[in-house]
Amino acid sequence: MRKLSIALLFSTFTILALAQPPSHFDGHTWWDYIKVIADDKMEGRDTGSRGEHAAQEYAVDQLKKAGLDPAGIDGFYQPVRFVSRQIVEKDCSLTLVRNGQREPLVLGDDALIGTRIIPAPEVKAPLFFVGYGLKVPEKNYDDFAGLDVKGKLVVIFSGSPADIPGPLAAHYQTLLERWKVLRAAGAVGIVSLINPASMDIPWSRISLNRTHATMDLDYPEFDETAGARLSVTMNPASAEKLFAGSGHTFAEIAELGKDRKPLPHFPLAVSLEAKTKVETLKVESANLVAKLSGSDPKLKDEYVVLSAHIDHVGIGAPINGDSIYNGAMDDGSGSALLIDEAAIFKKNPEKLRRSILFVFVTAEEKGLLGSKYFAAHPTVPPKSLVADVNVDMFLPIVPLKVLRVLGLDDSDLGDRAQQISQSQGVKVQPDPEPLRNLFVRSDQYNFIRHGVPSIIMSVGSEPGSPEQQIFKDWLTNRYHAPSDDLNQPVDFDAAAKYEEIVRSLLINIANDDHRPQWKQDSFFRRYAK
Ligand SMILES: [Zn+2]
């Protein structure tokens with residue numbers, strides 16, 4: 001039996017902890033599903049690829065076995081159309097122009113051209129450094145006050161000042177919100193400077209896949225960057241080139257940004273000239289939607305969403321001779337969890353008042369696109385979605401002692417998750433790394449934007465602990481790399497315990513008299529209106 005923590009012994013949840021039934025999960029059935037989903041045969045499940053389709057077919061078979069009902073448009077499927085864009089690098093160039101002197105940038109080494117904003121064939125504009133490039137009315141914060149960036153490319157240091165709370169900062173750093181502000185200011189595009197203090201993966205790996213196609217939803221309603229003409233991301237190691245002659249250095253900016261200190265704003269002494277070529281292609285994929293019906297005559301028409309993304313990034317540049325980016329944890333782990341939860345509900349039926357909707361979204365890796373489409377066009381009435389419990393890369397690679405909960409203080413889902421976790425001897429932790437913008441970096445964000453209280457949980461660690469280092473190493477070496485595959489250490493007990501917490505949370509939401517509510521002081525409550 002697990003040793004209970006001192007804190008737990010004194011908590012009111014001790015009784016509950018003792019009353020817990022034995023776990024429904026062992027971690028192994030979950031891993032067996034991953035073995036199929038993240039097999040080399042699935043070719044990394046790129047959106048719209050045959051590998052992704054094969055994984056979807058497998059998931060549908062398993063959902064049928066678990067006795068779930070189809071709840072898509074075409075059976076379990078909800079078709080979604082995309083347009084893919086690929087940089088034709090040999091026909092592209094970036095050149096800095098300083099006092100008439102031209103200094104070409106090396107694509108890949110110095111910078112890369114993004115395609116989430118459709119690049120115009122030719123752009124030439126002066127550069128202006130706008131600090132974090134944020135406008136946050138709630139905090140009376142405006143990086144653009146008194147600046148004239150009309151017709152200019154704004155240079156933005158990623159991150160946010162310390163007095164802006166994490167979720168709020170994350171929200172205003174999304175492309176949609178960012179471009180609203182930049183368009184109003186008259187900017188023509190963005191040059192992003194990565195905050196070296198919050199880099200998930202080294203530049204060499206970012207650069208390696210720079211010509212990988214990007215995608216967007218192929219529907220006019222989702223065009224978020226009308227008027228934008230260029231986006232460029234600089235290698236932090238080359239960023240000084242932009243600052244020469246400005247009276248400032250990138251080193252100075254990075255030093256301030258590391259601690260989320262205020263940043264200066266100033267014109268740079270260079271212009272940027274870009275020539276670009278992009279190839280476009282139509283792509284089709286689908287979200288999967290399955291239903292476990294509740295039994296309450298009234299509440300069964302309300303839905304608790306359990307979501308995960310089934311796509312990953314596909315086949316890419318080889319690392320150590322391996323070019324298949326299997327995405328075992330990202331997010332084979334979440335997809336397998338959905339299947340496993342469904343199977344266990346069949347094996348151990350539970351009286352549910354509300355229904356549970358199992359949603360496997362596509363194109364998460366392309367910018368949360370499948371969930372964006374689903375949240376805008378759910379296959380059940382929009383008002384009937386009561387919550388989203390999203391599972392993405394929950395990383396059971398160390399024992400589950402600490403559960404990191406994003407959205408902990410935003411809705412009563414946080415309180416419910418906390419009670420359930422504590423009753424199982426697991427401590428809950430709010431977002432420990434607000435700089436990484438995790439709250440807007442997976443599919444729950446699209447539910448939030450449509451007013452649906454949401455939460456995402458993953459295995460966490462105490463600051464400064466050896467476990468924290470294990471997570472850090474995992475991100476550096478395996479995150480979005482071919483080595484996020486079936487040959488990596490997994491803690492089956494941690495996976496099982498996590499699944500148990502998810503199950504308890506689903507049952508709680510399905511059966512509670514009240515639908516989950518946003519907290520009065522949550523920033524995200526605004527979308528619920
Ligand atoms: Zn990912």
# chains A, B, ... in the order shown; residues from 1 in each chain; ligands from 1
$ residues_around --residues "Asp259 in chain A" --least-positions-apart "6" --cutoff "10 Å" --atoms "only C-alpha atoms" --output "PyMOL selection string"
chain A and resi 159-162+197+435
$ select_by_dssp --residues "range 279-512 of chain A" --states "strand (DSSP E or B)" --output "JSON, numbers by chain"
{"A": [279, 280, 281, 282, 283, 284, 285, 286, 287, 288, 289, 290, 291, 292, 303, 304, 305, 306, 307, 308, 309, 312, 314, 315, 316, 317, 318, 319, 322, 323, 324, 325, 355, 356, 357, 358, 359, 360, 361, 385, 386, 387, 388, 389, 390, 402, 403, 404, 405, 406, 411, 427, 428, 429, 454, 455, 456, 457, 458, 459]}
$ write_last_selection --atoms "C-alpha atoms" --output "mmCIF file, in the first residue's frame"
data_model
loop_
_atom_site.group_PDB
_atom_site.id
_atom_site.type_symbol
_atom_site.label_atom_id
_atom_site.label_comp_id
_atom_site.auth_asym_id
_atom_site.auth_seq_id
_atom_site.Cartn_x
_atom_site.Cartn_y
_atom_site.Cartn_z
ATOM 1 C CA GLU A 279 3.473 25.653 -52.566
ATOM 2 C CA THR A 280 -0.059 24.898 -51.441
ATOM 3 C CA LEU A 281 -1.973 21.647 -51.368
ATOM 4 C CA LYS A 282 -5.469 20.629 -50.261
ATOM 5 C CA VAL A 283 -5.588 18.034 -47.480
ATOM 6 C CA GLU A 284 -8.472 16.164 -45.909
ATOM 7 C CA SER A 285 -8.696 14.537 -42.537
ATOM 8 C CA ALA A 286 -11.258 14.104 -39.788
ATOM 9 C CA ASN A 287 -11.945 14.297 -36.081
ATOM 10 C CA LEU A 288 -13.368 11.149 -34.483
ATOM 11 C CA VAL A 289 -16.336 11.483 -32.171
ATOM 12 C CA ALA A 290 -17.811 8.668 -30.074
ATOM 13 C CA LYS A 291 -20.485 8.714 -27.411
ATOM 14 C CA LEU A 292 -21.051 6.859 -24.179
ATOM 15 C CA TYR A 303 -21.792 16.044 -22.793
ATOM 16 C CA VAL A 304 -18.525 15.776 -20.942
ATOM 17 C CA VAL A 305 -15.793 15.856 -23.566
ATOM 18 C CA LEU A 306 -12.685 13.728 -23.161
ATOM 19 C CA SER A 307 -10.280 14.806 -25.889
ATOM 20 C CA ALA A 308 -6.860 13.921 -27.259
ATOM 21 C CA HIS A 309 -5.146 14.472 -30.578
ATOM 22 C CA HIS A 312 1.450 13.800 -34.893
ATOM 23 C CA GLY A 314 4.713 12.428 -39.548
ATOM 24 C CA ILE A 315 7.970 11.623 -41.262
ATOM 25 C CA GLY A 316 10.720 14.214 -41.044
ATOM 26 C CA ALA A 317 14.436 14.810 -41.163
ATOM 27 C CA PRO A 318 16.228 11.747 -39.769
ATOM 28 C CA ILE A 319 17.833 11.928 -36.335
ATOM 29 C CA ASP A 322 15.349 7.400 -37.719
ATOM 30 C CA SER A 323 12.925 9.543 -39.707
ATOM 31 C CA ILE A 324 9.603 8.387 -38.243
ATOM 32 C CA TYR A 325 8.341 10.767 -35.602
ATOM 33 C CA SER A 355 -23.066 11.470 -21.625
ATOM 34 C CA ILE A 356 -19.359 11.324 -22.323
ATOM 35 C CA LEU A 357 -18.053 12.367 -25.724
ATOM 36 C CA PHE A 358 -14.732 10.849 -26.748
ATOM 37 C CA VAL A 359 -13.161 13.245 -29.246
ATOM 38 C CA PHE A 360 -9.967 12.344 -31.127
ATOM 39 C CA VAL A 361 -9.016 15.541 -32.895
ATOM 40 C CA LEU A 385 -20.815 20.683 -24.008
ATOM 41 C CA VAL A 386 -20.352 21.009 -20.249
ATOM 42 C CA ALA A 387 -16.577 20.490 -19.976
ATOM 43 C CA ASP A 388 -13.457 19.423 -21.809
ATOM 44 C CA VAL A 389 -10.940 17.176 -20.113
ATOM 45 C CA ASN A 390 -8.041 17.217 -22.540
ATOM 46 C CA VAL A 402 2.485 15.548 -8.298
ATOM 47 C CA LEU A 403 -0.225 16.299 -10.842
ATOM 48 C CA ARG A 404 0.251 19.465 -12.830
ATOM 49 C CA VAL A 405 -3.117 21.013 -13.609
ATOM 50 C CA LEU A 406 -3.455 23.811 -16.132
ATOM 51 C CA SER A 411 -13.102 26.764 -13.120
ATOM 52 C CA LYS A 427 -0.570 16.494 -4.838
ATOM 53 C CA VAL A 428 -1.832 19.086 -7.292
ATOM 54 C CA GLN A 429 0.327 21.828 -8.751
ATOM 55 C CA SER A 454 -11.622 22.951 -19.563
ATOM 56 C CA ILE A 455 -8.673 21.396 -17.883
ATOM 57 C CA ILE A 456 -5.491 19.593 -18.859
ATOM 58 C CA MET A 457 -3.451 17.546 -16.431
ATOM 59 C CA SER A 458 -0.099 15.856 -16.617
ATOM 60 C CA VAL A 459 2.431 14.146 -14.405
#
$ residues_near_ligand --ligand "ligand 1" --cutoff "8 Å" --atoms "only C-alpha atoms and all ligand atoms" --output "PyMOL selection string"
chain A and resi 312-313+327+330-331+364-365+393+479-480
$ write_last_selection --atoms "all heavy atoms" --output "mmCIF file, in the first residue's frame"
data_model
loop_
_atom_site.group_PDB
_atom_site.id
_atom_site.type_symbol
_atom_site.label_atom_id
_atom_site.label_comp_id
_atom_site.auth_asym_id
_atom_site.auth_seq_id
_atom_site.Cartn_x
_atom_site.Cartn_y
_atom_site.Cartn_z
ATOM 1 N N HIS A 312 0.140 13.323 -35.342
ATOM 2 C CA HIS A 312 1.450 13.800 -34.893
ATOM 3 C C HIS A 312 2.138 14.433 -36.109
ATOM 4 O O HIS A 312 1.433 14.872 -37.030
ATOM 5 C CB HIS A 312 2.239 12.664 -34.222
ATOM 6 C CG HIS A 312 3.475 13.137 -33.525
ATOM 7 N ND1 HIS A 312 3.454 14.126 -32.578
ATOM 8 C CD2 HIS A 312 4.780 12.771 -33.651
ATOM 9 C CE1 HIS A 312 4.694 14.354 -32.147
ATOM 10 N NE2 HIS A 312 5.525 13.548 -32.803
ATOM 11 N N VAL A 313 3.453 14.504 -36.114
ATOM 12 C CA VAL A 313 4.110 15.319 -37.142
ATOM 13 C C VAL A 313 4.615 14.525 -38.350
ATOM 14 O O VAL A 313 5.193 15.102 -39.269
ATOM 15 C CB VAL A 313 5.249 16.172 -36.550
ATOM 16 C CG1 VAL A 313 4.690 17.128 -35.495
ATOM 17 C CG2 VAL A 313 6.353 15.303 -35.947
ATOM 18 N N GLY A 327 5.578 9.837 -32.132
ATOM 19 C CA GLY A 327 4.613 10.492 -31.241
ATOM 20 C C GLY A 327 3.949 9.527 -30.285
ATOM 21 O O GLY A 327 2.729 9.512 -30.140
ATOM 22 N N ASP A 330 3.248 11.895 -27.531
ATOM 23 C CA ASP A 330 2.624 13.101 -28.114
ATOM 24 C C ASP A 330 1.887 12.714 -29.400
ATOM 25 O O ASP A 330 2.473 12.781 -30.465
ATOM 26 C CB ASP A 330 3.717 14.139 -28.375
ATOM 27 C CG ASP A 330 3.157 15.457 -28.867
ATOM 28 O OD1 ASP A 330 1.942 15.662 -28.798
ATOM 29 O OD2 ASP A 330 3.954 16.285 -29.337
ATOM 30 N N ASP A 331 0.644 12.419 -29.386
ATOM 31 C CA ASP A 331 -0.204 12.200 -28.254
ATOM 32 C C ASP A 331 -0.818 10.807 -28.382
ATOM 33 O O ASP A 331 -1.992 10.610 -28.175
ATOM 34 C CB ASP A 331 -1.271 13.306 -28.194
ATOM 35 C CG ASP A 331 -2.122 13.227 -26.928
ATOM 36 O OD1 ASP A 331 -1.664 12.645 -25.952
ATOM 37 O OD2 ASP A 331 -3.243 13.711 -26.955
ATOM 38 N N GLU A 364 -3.729 18.750 -34.419
ATOM 39 C CA GLU A 364 -3.291 19.522 -33.245
ATOM 40 C C GLU A 364 -1.921 20.105 -33.514
ATOM 41 O O GLU A 364 -1.653 21.266 -33.217
ATOM 42 C CB GLU A 364 -3.254 18.618 -32.000
ATOM 43 C CG GLU A 364 -3.026 19.371 -30.697
ATOM 44 C CD GLU A 364 -1.568 19.585 -30.310
ATOM 45 O OE1 GLU A 364 -0.656 19.015 -30.961
ATOM 46 O OE2 GLU A 364 -1.309 20.348 -29.372
ATOM 47 N N GLU A 365 -1.063 19.277 -34.082
ATOM 48 C CA GLU A 365 0.329 19.704 -34.303
ATOM 49 C C GLU A 365 0.417 20.825 -35.347
ATOM 50 O O GLU A 365 1.432 21.467 -35.484
ATOM 51 C CB GLU A 365 1.190 18.508 -34.753
ATOM 52 C CG GLU A 365 1.203 17.343 -33.771
ATOM 53 C CD GLU A 365 2.015 17.628 -32.510
ATOM 54 O OE1 GLU A 365 2.465 18.778 -32.338
ATOM 55 O OE2 GLU A 365 2.179 16.689 -31.715
ATOM 56 N N MET A 393 -0.010 14.322 -24.005
ATOM 57 C CA MET A 393 1.365 14.129 -23.542
ATOM 58 C C MET A 393 1.449 14.252 -22.025
ATOM 59 O O MET A 393 2.164 15.105 -21.522
ATOM 60 C CB MET A 393 2.236 15.217 -24.206
ATOM 61 C CG MET A 393 3.547 14.759 -24.718
ATOM 62 S SD MET A 393 4.355 16.116 -25.605
ATOM 63 C CE MET A 393 5.172 17.009 -24.276
ATOM 64 N N TYR A 479 10.987 15.181 -27.241
ATOM 65 C CA TYR A 479 9.806 15.931 -27.659
ATOM 66 C C TYR A 479 9.921 16.307 -29.133
ATOM 67 O O TYR A 479 10.913 16.877 -29.563
ATOM 68 C CB TYR A 479 9.670 17.191 -26.794
ATOM 69 C CG TYR A 479 8.551 18.113 -27.194
ATOM 70 C CD1 TYR A 479 7.237 17.672 -27.200
ATOM 71 C CD2 TYR A 479 8.815 19.425 -27.558
ATOM 72 C CE1 TYR A 479 6.210 18.517 -27.570
ATOM 73 C CE2 TYR A 479 7.788 20.283 -27.929
ATOM 74 C CZ TYR A 479 6.486 19.816 -27.930
ATOM 75 O OH TYR A 479 5.467 20.664 -28.296
ATOM 76 N N HIS A 480 8.916 15.911 -29.927
ATOM 77 C CA HIS A 480 8.932 16.154 -31.365
ATOM 78 C C HIS A 480 10.210 15.645 -32.024
ATOM 79 O O HIS A 480 10.743 16.282 -32.938
ATOM 80 C CB HIS A 480 8.700 17.636 -31.675
ATOM 81 C CG HIS A 480 7.240 17.999 -31.605
ATOM 82 N ND1 HIS A 480 6.654 18.947 -32.407
ATOM 83 C CD2 HIS A 480 6.244 17.514 -30.837
ATOM 84 C CE1 HIS A 480 5.361 19.032 -32.122
ATOM 85 N NE2 HIS A 480 5.092 18.178 -31.172
#
$ closest_residue --among "A:Phe471, A:Tyr77, A:Trp30, A:Tyr527" --to "Thr379 in chain A" --atoms "only C-alpha atoms"
A:Tyr77
$ residues_around --residues "range 294-298 of chain A" --least-positions-apart "6" --cutoff "7 Å" --atoms "only C-alpha atoms" --output "ChimeraX atom specification"
/A:352-355
$ write_last_selection --atoms "N, CA, C and O atoms" --output "mmCIF file, in the first residue's frame"
data_model
loop_
_atom_site.group_PDB
_atom_site.id
_atom_site.type_symbol
_atom_site.label_atom_id
_atom_site.label_comp_id
_atom_site.auth_asym_id
_atom_site.auth_seq_id
_atom_site.Cartn_x
_atom_site.Cartn_y
_atom_site.Cartn_z
ATOM 1 N N LEU A 352 -23.906 6.677 -15.373
ATOM 2 C CA LEU A 352 -23.558 8.051 -15.730
ATOM 3 C C LEU A 352 -24.836 8.806 -16.036
ATOM 4 O O LEU A 352 -25.684 8.315 -16.774
ATOM 5 N N ARG A 353 -24.963 9.995 -15.494
ATOM 6 C CA ARG A 353 -26.161 10.796 -15.786
ATOM 7 C C ARG A 353 -25.969 11.549 -17.102
ATOM 8 O O ARG A 353 -26.769 11.448 -18.016
ATOM 9 N N ARG A 354 -24.882 12.293 -17.197
ATOM 10 C CA ARG A 354 -24.585 12.949 -18.485
ATOM 11 C C ARG A 354 -23.883 11.957 -19.397
ATOM 12 O O ARG A 354 -23.384 10.918 -18.959
ATOM 13 N N SER A 355 -23.790 12.300 -20.672
ATOM 14 C CA SER A 355 -23.066 11.470 -21.625
ATOM 15 C C SER A 355 -21.601 11.911 -21.693
ATOM 16 O O SER A 355 -21.270 13.050 -21.368
#
$ residues_around --residues "Ile164 in chain A" --least-positions-apart "2" --cutoff "12 Å" --atoms "only C-alpha atoms" --output "list in words"
Tyr132, Leu134, Lys135, Val136, Pro137, Glu138, Lys139, Asn140, Tyr141, Asp142, Gly159, Ser160, Pro161, Ala162, Gly166, Pro167, Leu168, Ala169, Ala170, His171, Tyr172, Gln173, Arg260, Lys261, Pro262, Pro434, Leu435 and Phe523 of chain A
$ write_last_selection --atoms "N, CA and C atoms" --output "PDB file, in the first residue's frame"
ATOM      1  N   TYR A 132       7.825  42.747 -25.850  1.00  0.00           N
ATOM      2  CA  TYR A 132       7.011  41.529 -25.896  1.00  0.00           C
ATOM      3  C   TYR A 132       5.906  41.631 -26.948  1.00  0.00           C
ATOM      4  N   LEU A 134       2.967  43.030 -26.841  1.00  0.00           N
ATOM      5  CA  LEU A 134       1.652  42.662 -26.294  1.00  0.00           C
ATOM      6  C   LEU A 134       0.814  43.890 -25.975  1.00  0.00           C
ATOM      7  N   LYS A 135      -0.475  43.701 -26.108  1.00  0.00           N
ATOM      8  CA  LYS A 135      -1.415  44.700 -25.627  1.00  0.00           C
ATOM      9  C   LYS A 135      -2.421  43.953 -24.755  1.00  0.00           C
ATOM     10  N   VAL A 136      -2.425  44.264 -23.475  1.00  0.00           N
ATOM     11  CA  VAL A 136      -3.284  43.556 -22.525  1.00  0.00           C
ATOM     12  C   VAL A 136      -4.144  44.582 -21.794  1.00  0.00           C
ATOM     13  N   PRO A 137      -5.312  44.863 -22.346  1.00  0.00           N
ATOM     14  CA  PRO A 137      -6.158  45.923 -21.774  1.00  0.00           C
ATOM     15  C   PRO A 137      -6.467  45.686 -20.294  1.00  0.00           C
ATOM     16  N   GLU A 138      -6.670  44.406 -19.920  1.00  0.00           N
ATOM     17  CA  GLU A 138      -7.021  44.099 -18.523  1.00  0.00           C
ATOM     18  C   GLU A 138      -5.969  44.605 -17.552  1.00  0.00           C
ATOM     19  N   LYS A 139      -4.732  44.713 -18.024  1.00  0.00           N
ATOM     20  CA  LYS A 139      -3.632  45.125 -17.139  1.00  0.00           C
ATOM     21  C   LYS A 139      -3.102  46.502 -17.545  1.00  0.00           C
ATOM     22  N   ASN A 140      -3.862  47.187 -18.396  1.00  0.00           N
ATOM     23  CA  ASN A 140      -3.409  48.494 -18.870  1.00  0.00           C
ATOM     24  C   ASN A 140      -2.007  48.431 -19.452  1.00  0.00           C
ATOM     25  N   TYR A 141      -1.722  47.354 -20.139  1.00  0.00           N
ATOM     26  CA  TYR A 141      -0.377  47.147 -20.668  1.00  0.00           C
ATOM     27  C   TYR A 141      -0.426  47.272 -22.183  1.00  0.00           C
ATOM     28  N   ASP A 142       0.464  48.114 -22.741  1.00  0.00           N
ATOM     29  CA  ASP A 142       0.446  48.302 -24.194  1.00  0.00           C
ATOM     30  C   ASP A 142       1.854  48.585 -24.710  1.00  0.00           C
ATOM     31  N   GLY A 159       7.402  35.832 -24.915  1.00  0.00           N
ATOM     32  CA  GLY A 159       7.299  35.872 -23.470  1.00  0.00           C
ATOM     33  C   GLY A 159       6.412  37.017 -23.052  1.00  0.00           C
ATOM     34  N   SER A 160       6.469  37.362 -21.771  1.00  0.00           N
ATOM     35  CA  SER A 160       5.580  38.387 -21.243  1.00  0.00           C
ATOM     36  C   SER A 160       6.156  38.949 -19.966  1.00  0.00           C
ATOM     37  N   PRO A 161       5.769  40.191 -19.617  1.00  0.00           N
ATOM     38  CA  PRO A 161       6.253  40.747 -18.360  1.00  0.00           C
ATOM     39  C   PRO A 161       5.626  40.047 -17.160  1.00  0.00           C
ATOM     40  N   ALA A 162       6.349  40.092 -16.043  1.00  0.00           N
ATOM     41  CA  ALA A 162       5.976  39.287 -14.871  1.00  0.00           C
ATOM     42  C   ALA A 162       4.620  39.660 -14.270  1.00  0.00           C
ATOM     43  N   GLY A 166      -0.030  34.186 -16.119  1.00  0.00           N
ATOM     44  CA  GLY A 166       0.261  33.211 -17.167  1.00  0.00           C
ATOM     45  C   GLY A 166      -0.826  33.026 -18.220  1.00  0.00           C
ATOM     46  N   PRO A 167      -2.057  32.692 -17.815  1.00  0.00           N
ATOM     47  CA  PRO A 167      -3.093  32.425 -18.817  1.00  0.00           C
ATOM     48  C   PRO A 167      -3.403  33.648 -19.684  1.00  0.00           C
ATOM     49  N   LEU A 168      -3.381  34.817 -19.051  1.00  0.00           N
ATOM     50  CA  LEU A 168      -3.662  36.047 -19.774  1.00  0.00           C
ATOM     51  C   LEU A 168      -2.555  36.303 -20.803  1.00  0.00           C
ATOM     52  N   ALA A 169      -1.311  36.129 -20.372  1.00  0.00           N
ATOM     53  CA  ALA A 169      -0.161  36.308 -21.259  1.00  0.00           C
ATOM     54  C   ALA A 169      -0.224  35.312 -22.412  1.00  0.00           C
ATOM     55  N   ALA A 170      -0.562  34.082 -22.083  1.00  0.00           N
ATOM     56  CA  ALA A 170      -0.632  33.045 -23.104  1.00  0.00           C
ATOM     57  C   ALA A 170      -1.706  33.385 -24.137  1.00  0.00           C
ATOM     58  N   HIS A 171      -2.843  33.833 -23.637  1.00  0.00           N
ATOM     59  CA  HIS A 171      -3.956  34.188 -24.517  1.00  0.00           C
ATOM     60  C   HIS A 171      -3.540  35.264 -25.521  1.00  0.00           C
ATOM     61  N   TYR A 172      -2.886  36.305 -25.029  1.00  0.00           N
ATOM     62  CA  TYR A 172      -2.537  37.410 -25.922  1.00  0.00           C
ATOM     63  C   TYR A 172      -1.326  37.108 -26.807  1.00  0.00           C
ATOM     64  N   GLN A 173      -0.686  35.975 -26.565  1.00  0.00           N
ATOM     65  CA  GLN A 173       0.408  35.583 -27.457  1.00  0.00           C
ATOM     66  C   GLN A 173      -0.051  34.654 -28.575  1.00  0.00           C
ATOM     67  N   ARG A 260      11.401  38.054 -17.050  1.00  0.00           N
ATOM     68  CA  ARG A 260      10.129  38.713 -17.379  1.00  0.00           C
ATOM     69  C   ARG A 260      10.131  40.193 -16.960  1.00  0.00           C
ATOM     70  N   LYS A 261      11.290  40.836 -17.082  1.00  0.00           N
ATOM     71  CA  LYS A 261      11.377  42.259 -16.747  1.00  0.00           C
ATOM     72  C   LYS A 261      10.871  43.104 -17.915  1.00  0.00           C
ATOM     73  N   PRO A 262      10.539  44.382 -17.656  1.00  0.00           N
ATOM     74  CA  PRO A 262      10.086  45.249 -18.757  1.00  0.00           C
ATOM     75  C   PRO A 262      11.172  45.366 -19.834  1.00  0.00           C
ATOM     76  N   PRO A 434       4.820  29.364 -16.483  1.00  0.00           N
ATOM     77  CA  PRO A 434       3.925  30.195 -17.304  1.00  0.00           C
ATOM     78  C   PRO A 434       4.575  30.666 -18.609  1.00  0.00           C
ATOM     79  N   LEU A 435       5.927  30.709 -18.623  1.00  0.00           N
ATOM     80  CA  LEU A 435       6.609  31.179 -19.834  1.00  0.00           C
ATOM     81  C   LEU A 435       6.383  30.267 -21.034  1.00  0.00           C
ATOM     82  N   PHE A 523      -9.998  34.880 -16.196  1.00  0.00           N
ATOM     83  CA  PHE A 523      -9.987  35.656 -17.430  1.00  0.00           C
ATOM     84  C   PHE A 523     -10.838  34.985 -18.512  1.00  0.00           C
TER      85      PHE A 523
END
$ closest_residue --among "A:Gln78, A:Asn195, A:Ser204, A:Ser333" --to "Ile37 in chain A" --atoms "only C-alpha atoms"
A:Ser333
$ atom_distance --atom1 "CA of Leu299 in chain A" --atom2 "CA of Ala510 in chain A"
8.5 Å
$ closest_residue --among "A:Ser522, A:Ser198, A:Thr276, A:Thr225" --to "Asp409 in chain A" --atoms "only C-alpha atoms"
A:Ser522
$ select_by_dssp --residues "range 341-437 of chain A" --states "alpha helix (DSSP H)" --output "VMD selection string"
chain A and resid 341 to 347 369 to 376 412 to 423
$ atom_distance --atom1 "CA of Phe492 in chain A" --atom2 "CA of Gly464 in chain A"
23.7 Å
$ residues_around --residues "range 93-99 of chain A" --least-positions-apart "5" --cutoff "7 Å" --atoms "only C-alpha atoms" --output "PyMOL selection string"
chain A and resi 104-105+269-276
$ residues_around --residues "Pro381 in chain A" --least-positions-apart "5" --cutoff "12 Å" --atoms "only C-alpha atoms" --output "PyMOL selection string"
chain A and resi 71+301-303+374-376+386
$ write_last_selection --atoms "C-alpha atoms" --output "compact mmCIF listing (two decimals), in the first residue's frame"
# COMPACT_ATOMS: atom_id res chain seq x y z
CA ALA A 71 -21.31 10.71 -32.88
CA ASP A 301 -28.24 15.43 -23.62
CA GLU A 302 -25.32 17.16 -21.96
CA TYR A 303 -21.79 16.04 -22.79
CA PHE A 374 -14.81 20.86 -33.65
CA ALA A 375 -15.30 23.60 -31.04
CA ALA A 376 -16.76 25.89 -33.73
CA VAL A 386 -20.35 21.01 -20.25
$ atom_distance --atom1 "CA of Val490 in chain A" --atom2 "CA of Leu395 in chain A"
8.3 Å
$ closest_residue --among "A:Ile509, A:Leu438, A:Ile253, A:Val88" --to "His212 in chain A" --atoms "only C-alpha atoms"
A:Val88
$ closest_residue --among "A:Ala185, A:Ile470, A:Met42, A:Leu175" --to "Gly146 in chain A" --atoms "only C-alpha atoms"
A:Ala185
$ residues_around --residues "Asp39 in chain A" --least-positions-apart "6" --cutoff "12 Å" --atoms "only C-alpha atoms" --output "number ranges by chain"
A: 31-33, 45, 51-52, 54-55, 58, 314, 324-328, 332, 482, 484-487
$ closest_residue --among "A:Lys300, A:Ser246, A:Val80, A:Gly114" --to "Tyr219 in chain A" --atoms "only C-alpha atoms"
A:Val80
$ decode --residues "range 359-366 of chain A" --atoms "N, CA, C and O atoms" --output "PDB file, in the first residue's frame"
ATOM      1  N   VAL A 359     -13.496  12.496 -28.028  1.00  0.00           N
ATOM      2  CA  VAL A 359     -13.161  13.245 -29.246  1.00  0.00           C
ATOM      3  C   VAL A 359     -11.667  13.113 -29.541  1.00  0.00           C
ATOM      4  O   VAL A 359     -10.827  13.568 -28.756  1.00  0.00           O
ATOM      5  N   PHE A 360     -11.356  12.455 -30.659  1.00  0.00           N
ATOM      6  CA  PHE A 360      -9.967  12.344 -31.127  1.00  0.00           C
ATOM      7  C   PHE A 360      -9.797  13.399 -32.218  1.00  0.00           C
ATOM      8  O   PHE A 360     -10.296  13.209 -33.329  1.00  0.00           O
ATOM      9  N   VAL A 361      -9.131  14.486 -31.891  1.00  0.00           N
ATOM     10  CA  VAL A 361      -9.016  15.541 -32.895  1.00  0.00           C
ATOM     11  C   VAL A 361      -7.800  15.309 -33.777  1.00  0.00           C
ATOM     12  O   VAL A 361      -6.842  14.624 -33.400  1.00  0.00           O
ATOM     13  N   THR A 362      -7.851  15.896 -34.948  1.00  0.00           N
ATOM     14  CA  THR A 362      -6.725  15.853 -35.880  1.00  0.00           C
ATOM     15  C   THR A 362      -6.032  17.220 -35.874  1.00  0.00           C
ATOM     16  O   THR A 362      -6.536  18.185 -35.275  1.00  0.00           O
ATOM     17  N   ALA A 363      -4.876  17.261 -36.509  1.00  0.00           N
ATOM     18  CA  ALA A 363      -4.185  18.535 -36.797  1.00  0.00           C
ATOM     19  C   ALA A 363      -3.898  19.398 -35.575  1.00  0.00           C
ATOM     20  O   ALA A 363      -3.799  20.609 -35.692  1.00  0.00           O
ATOM     21  N   GLU A 364      -3.729  18.750 -34.419  1.00  0.00           N
ATOM     22  CA  GLU A 364      -3.291  19.522 -33.245  1.00  0.00           C
ATOM     23  C   GLU A 364      -1.921  20.105 -33.514  1.00  0.00           C
ATOM     24  O   GLU A 364      -1.653  21.266 -33.217  1.00  0.00           O
ATOM     25  N   GLU A 365      -1.063  19.277 -34.082  1.00  0.00           N
ATOM     26  CA  GLU A 365       0.329  19.704 -34.303  1.00  0.00           C
ATOM     27  C   GLU A 365       0.417  20.825 -35.347  1.00  0.00           C
ATOM     28  O   GLU A 365       1.432  21.467 -35.484  1.00  0.00           O
ATOM     29  N   LYS A 366      -0.648  21.034 -36.101  1.00  0.00           N
ATOM     30  CA  LYS A 366      -0.639  22.098 -37.111  1.00  0.00           C
ATOM     31  C   LYS A 366      -1.165  23.410 -36.539  1.00  0.00           C
ATOM     32  O   LYS A 366      -1.385  24.371 -37.269  1.00  0.00           O
TER      33      LYS A 366
END
